[in-house]
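Trainee: Sending over a structure as structure tokens; questions will come in a sec.
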Amino acid sequence: MSRRRTVLHAAAALTAAIALPAARAQSAPFKVGLILPMTGPFASTGKQAEAGAKLWLAQNGAVAAGRRIELILKDDAGVADTTRRIAQELIVNDKVDVLVGFGLTPLALATAPIATQGKTPMVVTAAATSVITAQSPWIVRTSFTLPQVTVPIADWAAKNGVKKAVTFVADYGPGLDAEKFFKSQFLLNHGEMAAEIRSPLRGPDFAPFLQKVADLKPDAVFVFLPSGQGTAFMKQFSERGLDKAGVRLIATGDVTDDDILNEMGDVALGVVTSHHYSAAHPSATNKTFVQAFEAANRFRPNFMAVGAYDGLRVIAKALQATQGKGGGEALLGAMKGQVFESPRGPVLIDAQTRDIVQDVYIRKVERVAALGNQLYNVEFDVQKAVKDPGKAK
Ligand code: DHB
């Protein structure tokens with residue numbers, strides 16, 4: 001071999017050696033750390049969100065801009081210290097590009113400083129206390145906020161014959177948001193508040209609280225409980241005879257959650273709620289989504305599934321916008337301002353607040369002949385493009 005050829009060979013080898021890491025980087029998987037309560041009392045949230053995230057990936061080939069999206073699922077069992085530790089490990093050891101999930105407010109709050117320190121975008125797909133997005137500039141939310149869905153039902157109640165109301169909420173972040181915003185909006189509409197009752201988040205016994213409601217005889221009780229607790233509540237509500245005593249039950253859609261609604265039975269019929277998602281939302285996008293979801297899983301999607309489905313969408317489109325390069329700041333920038341048609345309806349990720357702007361529907365539980373004679377939240381009114389009223393102006 002001539003010297004010239006050897007040099008050329010060496011130069012070619014060198015070029016290849018330099019090019020290789022770049023090519024590898026481009027084709028290296030884009031890592032998404034999904035943290036959810038897969039066990040414990042809030043496991044239904046994890047089950048729904050995992051299925052929602054996986055459906056988005058399955059429908060889109062798990063690729064964006066040529067990069068494979070790798071989902072790393074971790075179970076925090078709904079314990080905040082565990083969520084924080086897992087988030088740290090995912091950033092330091094697994095070098096994830098994005099964190100996603102967060103099934104409850106305390107879990108999201110515990111992780112916010114980790115996202116800030118790690119300069120890692122954190123997409124909250126479930127937790128819904130207003131203040132969460134303000135806890136780190138790296139947080140983007142695809143779920144909802146309690147003030148956002150509560151103000152519309154307080155308006156509806158005042159316009160529909162409810163003069164005296166009681167609030168009944170789980171005693172933590174989202175419940176306190178719901179209580180505060182129901183009360184202020186209802187009072188603004190000339191309603192009268194008879195009491196504000198709170199029940200513990202974990203292992204609640206609703207009986208003593210419901211007895212208090214029965215004694216106060218309001219026109220309606222407004223309820224917020226986290227996803228999964230609605231069935232037990234509804235059972236005790238009817239066992240105490242509150243429905244027969246003429247106390248109307250109104251709530252956010254967390255109580256008549258699609259995951260458990262059909263098992264509640266006739267006691268749920270007629271309950272009016274406000275929320276951003278119903279599996280019966282009559283759009284072509286939602287019908288396709290529900291069909292695909294039910295084909296892949298043996299259960300109906302609820303709002304936790306949609307939050308995670310949209311969360312993966314926001315992440316993948318941001319990756320695409322960076323031509324597959326990713327990078328914390330660039331990804332975050334490309335998440336802000338996204339506008340798209342979700343199964344729930346049209347949505348916007350507000351670039352200023354990083355929170356979701358969406359339609360909020362007023363719905364009534366009905367048995368729907370066209371949907372297999374099952375119970376659904378049937379939408380009958382809407383407030384369009386609702387921003388979180390909990391944000392300081
Ligand atoms: C939260 C949890 C829920 O299950 C829900 O339905 C709404 C809010 C939360 O902890 O933020």
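Ordering of the structure tokens sets the chain letters (A, B, ...), residue numbers begin anew at 1 in every chain, and ligands are numbered from 1 in the order given.
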List the neighbours of Lys384 of chain A out to 7 Å using only C-alpha atoms; skip same-chain residues closer than 4 positions along the sequence, and give me the result as JSON, numbers by chain.

Mentor: {"A": [358, 359, 360]}

Trainee: Go ahead and save the residues from that selection, with all heavy atoms, as a CSV table (one decimal), in the first residue's frame.

Mentor:
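Output below, filename again_35.csv:
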chain,number,residue,atom,x,y,z
A,358,GLN,N,-58.6,25.0,27.6
A,358,GLN,CA,-59.5,24.0,27.0
A,358,GLN,C,-60.9,24.3,27.2
A,358,GLN,O,-61.3,25.1,28.1
A,358,GLN,CB,-59.1,22.6,27.5
A,358,GLN,CG,-59.2,22.5,29.0
A,358,GLN,CD,-58.6,21.2,29.6
A,358,GLN,OE1,-58.5,20.2,28.9
A,358,GLN,NE2,-58.2,21.3,30.9
A,359,ASP,N,-61.8,23.6,26.5
A,359,ASP,CA,-63.2,23.7,26.7
A,359,ASP,C,-63.6,22.9,28.0
A,359,ASP,O,-63.1,21.8,28.2
A,359,ASP,CB,-64.0,23.1,25.5
A,359,ASP,CG,-63.8,23.9,24.2
A,359,ASP,OD1,-63.1,25.0,24.3
A,359,ASP,OD2,-64.2,23.5,23.2
A,360,VAL,N,-64.6,23.4,28.7
A,360,VAL,CA,-65.1,22.7,29.9
A,360,VAL,C,-66.6,22.5,29.7
A,360,VAL,O,-67.3,23.4,29.3
A,360,VAL,CB,-64.8,23.5,31.2
A,360,VAL,CG1,-65.5,22.8,32.4
A,360,VAL,CG2,-63.3,23.7,31.4

Trainee: Which residues come within 9 Å of Gly246 of chain A, counting only C-alpha atoms, excluding same-chain residues fewer than 4 positions away, as a list of chain:residue names?

Mentor: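 Non-adjacent residues within range: A:Lys217, A:Pro218, A:Asp219, A:Ala220, A:Gly241, A:Leu242.
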
Trainee: Leaving out Leu371 of chain A and any residue of its chain fewer than 4 positions from it, which residues lie within 12 Å of it when counting only C-alpha atoms, given as a PyMOL selection string?

Mentor: chain A and resi 262+279-282+287+290-291+300+366-367+375-378

Trainee: Per residue of segment 168-262 of chain A within 10 Å of segment 41-54 of chain A, what are the shortest atom pair and its distance in Å to one decimal, counting only C-alpha atoms, with rows by chain and residue number, as JSON lines?

Mentor:
{"residue": "A:Arg202", "atom": "CA", "partner": "A:Pro41", "partner_atom": "CA", "distance": 8.0}
{"residue": "A:Gly203", "atom": "CA", "partner": "A:Pro41", "partner_atom": "CA", "distance": 8.6}
{"residue": "A:Pro226", "atom": "CA", "partner": "A:Phe42", "partner_atom": "CA", "distance": 8.6}
{"residue": "A:Ser227", "atom": "CA", "partner": "A:Thr45", "partner_atom": "CA", "distance": 6.9}
{"residue": "A:Gly228", "atom": "CA", "partner": "A:Ser44", "partner_atom": "CA", "distance": 6.5}
{"residue": "A:Gln229", "atom": "CA", "partner": "A:Phe42", "partner_atom": "CA", "distance": 9.0}
{"residue": "A:Asp259", "atom": "CA", "partner": "A:Ser44", "partner_atom": "CA", "distance": 8.0}
{"residue": "A:Ile260", "atom": "CA", "partner": "A:Ser44", "partner_atom": "CA", "distance": 9.6}

Trainee: Looking at A:Asn160, A:Thr125, A:Thr231, A:Thr252, which one is nearest to Ala268 of chain A, with distances taken over only C-alpha atoms?

Mentor: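 Ranking A:Asn160, A:Thr125, A:Thr231, A:Thr252 by distance to Ala268 of chain A, first place goes to A:Thr231.
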
Trainee: With only C-alpha atoms as the basis for distance, which of A:Val357, A:Leu36, A:Ala58, A:Ala65 is at the shortest distance from Val339 of chain A?

Mentor: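 Comparing A:Val357, A:Leu36, A:Ala58, A:Ala65 against Val339 of chain A, the winner is A:Val357.
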
Trainee: Counting only C-alpha atoms, what are the residues of segment 127-231 of chain A within 7 Å of segment 102-119 of chain A, and for each of them which pair of atoms is the nearest and at what distance in Å, to one decimal? Sort the table by chain and rising number, as JSON lines.

Mentor:
{"residue": "A:Ala127", "atom": "CA", "partner": "A:Leu104", "partner_atom": "CA", "distance": 4.6}
{"residue": "A:Ala128", "atom": "CA", "partner": "A:Thr105", "partner_atom": "CA", "distance": 6.5}
{"residue": "A:Thr129", "atom": "CA", "partner": "A:Thr105", "partner_atom": "CA", "distance": 6.2}
{"residue": "A:Ile132", "atom": "CA", "partner": "A:Leu109", "partner_atom": "CA", "distance": 6.3}
{"residue": "A:Gln135", "atom": "CA", "partner": "A:Ala112", "partner_atom": "CA", "distance": 5.9}
{"residue": "A:Ser136", "atom": "CA", "partner": "A:Ala112", "partner_atom": "CA", "distance": 5.5}
{"residue": "A:Trp138", "atom": "CA", "partner": "A:Thr116", "partner_atom": "CA", "distance": 6.2}
{"residue": "A:Gly173", "atom": "CA", "partner": "A:Thr105", "partner_atom": "CA", "distance": 6.6}

Trainee: From a DSSP calculation on the backbone, collect every residue of segment 104-257 of chain A in alpha helix (DSSP H) and output the set as a ChimeraX atom specification.

Mentor: /A:105-118,146-159,173-188,207-216,230-239

Trainee: Could I get the residues of segment 148-178 of chain A with an atom no further than 6 Å from an atom of segment 196-200 of chain A, each paired with its nearest atom pair and that distance in Å to one decimal, using only C-alpha atoms, sorted by chain and residue number, as CSV?

Mentor:
residue,atom,partner,partner_atom,distance
A:Val166,CA,A:Glu196,CA,5.8
A:Thr167,CA,A:Glu196,CA,4.8
A:Phe168,CA,A:Ile197,CA,4.7
A:Val169,CA,A:Arg198,CA,4.9
A:Ala170,CA,A:Ser199,CA,5.0
A:Asp171,CA,A:Arg198,CA,5.2

Trainee: Compare A:Arg68, A:Lys163, A:His276, A:Lys212 by their minimum atom-to-atom distance to ligand 1, counting only C-alpha atoms and all ligand atoms, and give me the closest one.

Mentor: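 Smallest separation from ligand 1 among the options: A:His276.
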
Trainee: Where does DSSP see strand (DSSP E) in segment 93-191 of chain A, if you list the residues as a ChimeraX atom specification?

Mentor: /A:98-101,122-124,139-141,164-170

Trainee: So, counting only C-alpha atoms, which residue among A:Leu319, A:Val267, A:Ala232, A:Leu331 is closest to Lys244 of chain A?

Mentor: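 Of A:Leu319, A:Val267, A:Ala232, A:Leu331, the one nearest Lys244 of chain A, counting only C-alpha atoms, is A:Val267.
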
Trainee: Between atom CA of Val124 of chain A and atom CA of Pro346 of chain A, what is the distance, to one decimal in Å?

Mentor: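 Separating atom CA of Val124 of chain A from atom CA of Pro346 of chain A is a distance of 18.4 Å.
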
Trainee: Just to confirm, what's the straight-line distance from atom CA of Val347 of chain A to atom CA of Thr142 of chain A in Å (one decimal)?

Mentor: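 Result for atom CA of Val347 of chain A versus atom CA of Thr142 of chain A: 9.1 Å, one decimal.
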
Trainee: Looking at only C-alpha atoms, which of A:Pro389, A:Pro343, A:Gly333, A:Gly324 is the one that sits closest to Ser27 of chain A?

Mentor: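 Going through A:Pro389, A:Pro343, A:Gly333, A:Gly324 one by one, the smallest distance to Ser27 of chain A is for A:Gly324.
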
Trainee: With only C-alpha atoms as the atoms that count, which of A:Lys336, A:Thr256, A:Thr288, A:Gly270 lies nearest to Ala321 of chain A?

Mentor: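 Going through A:Lys336, A:Thr256, A:Thr288, A:Gly270 one by one, the smallest distance to Ala321 of chain A is for A:Lys336.
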
Trainee: Please measure the separation of atom CA of Val272 of chain A and atom CA of Arg248 of chain A, giving the value in Å to one decimal.

Mentor: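 Between atom CA of Val272 of chain A and atom CA of Arg248 of chain A the gap works out to 8.9 Å.
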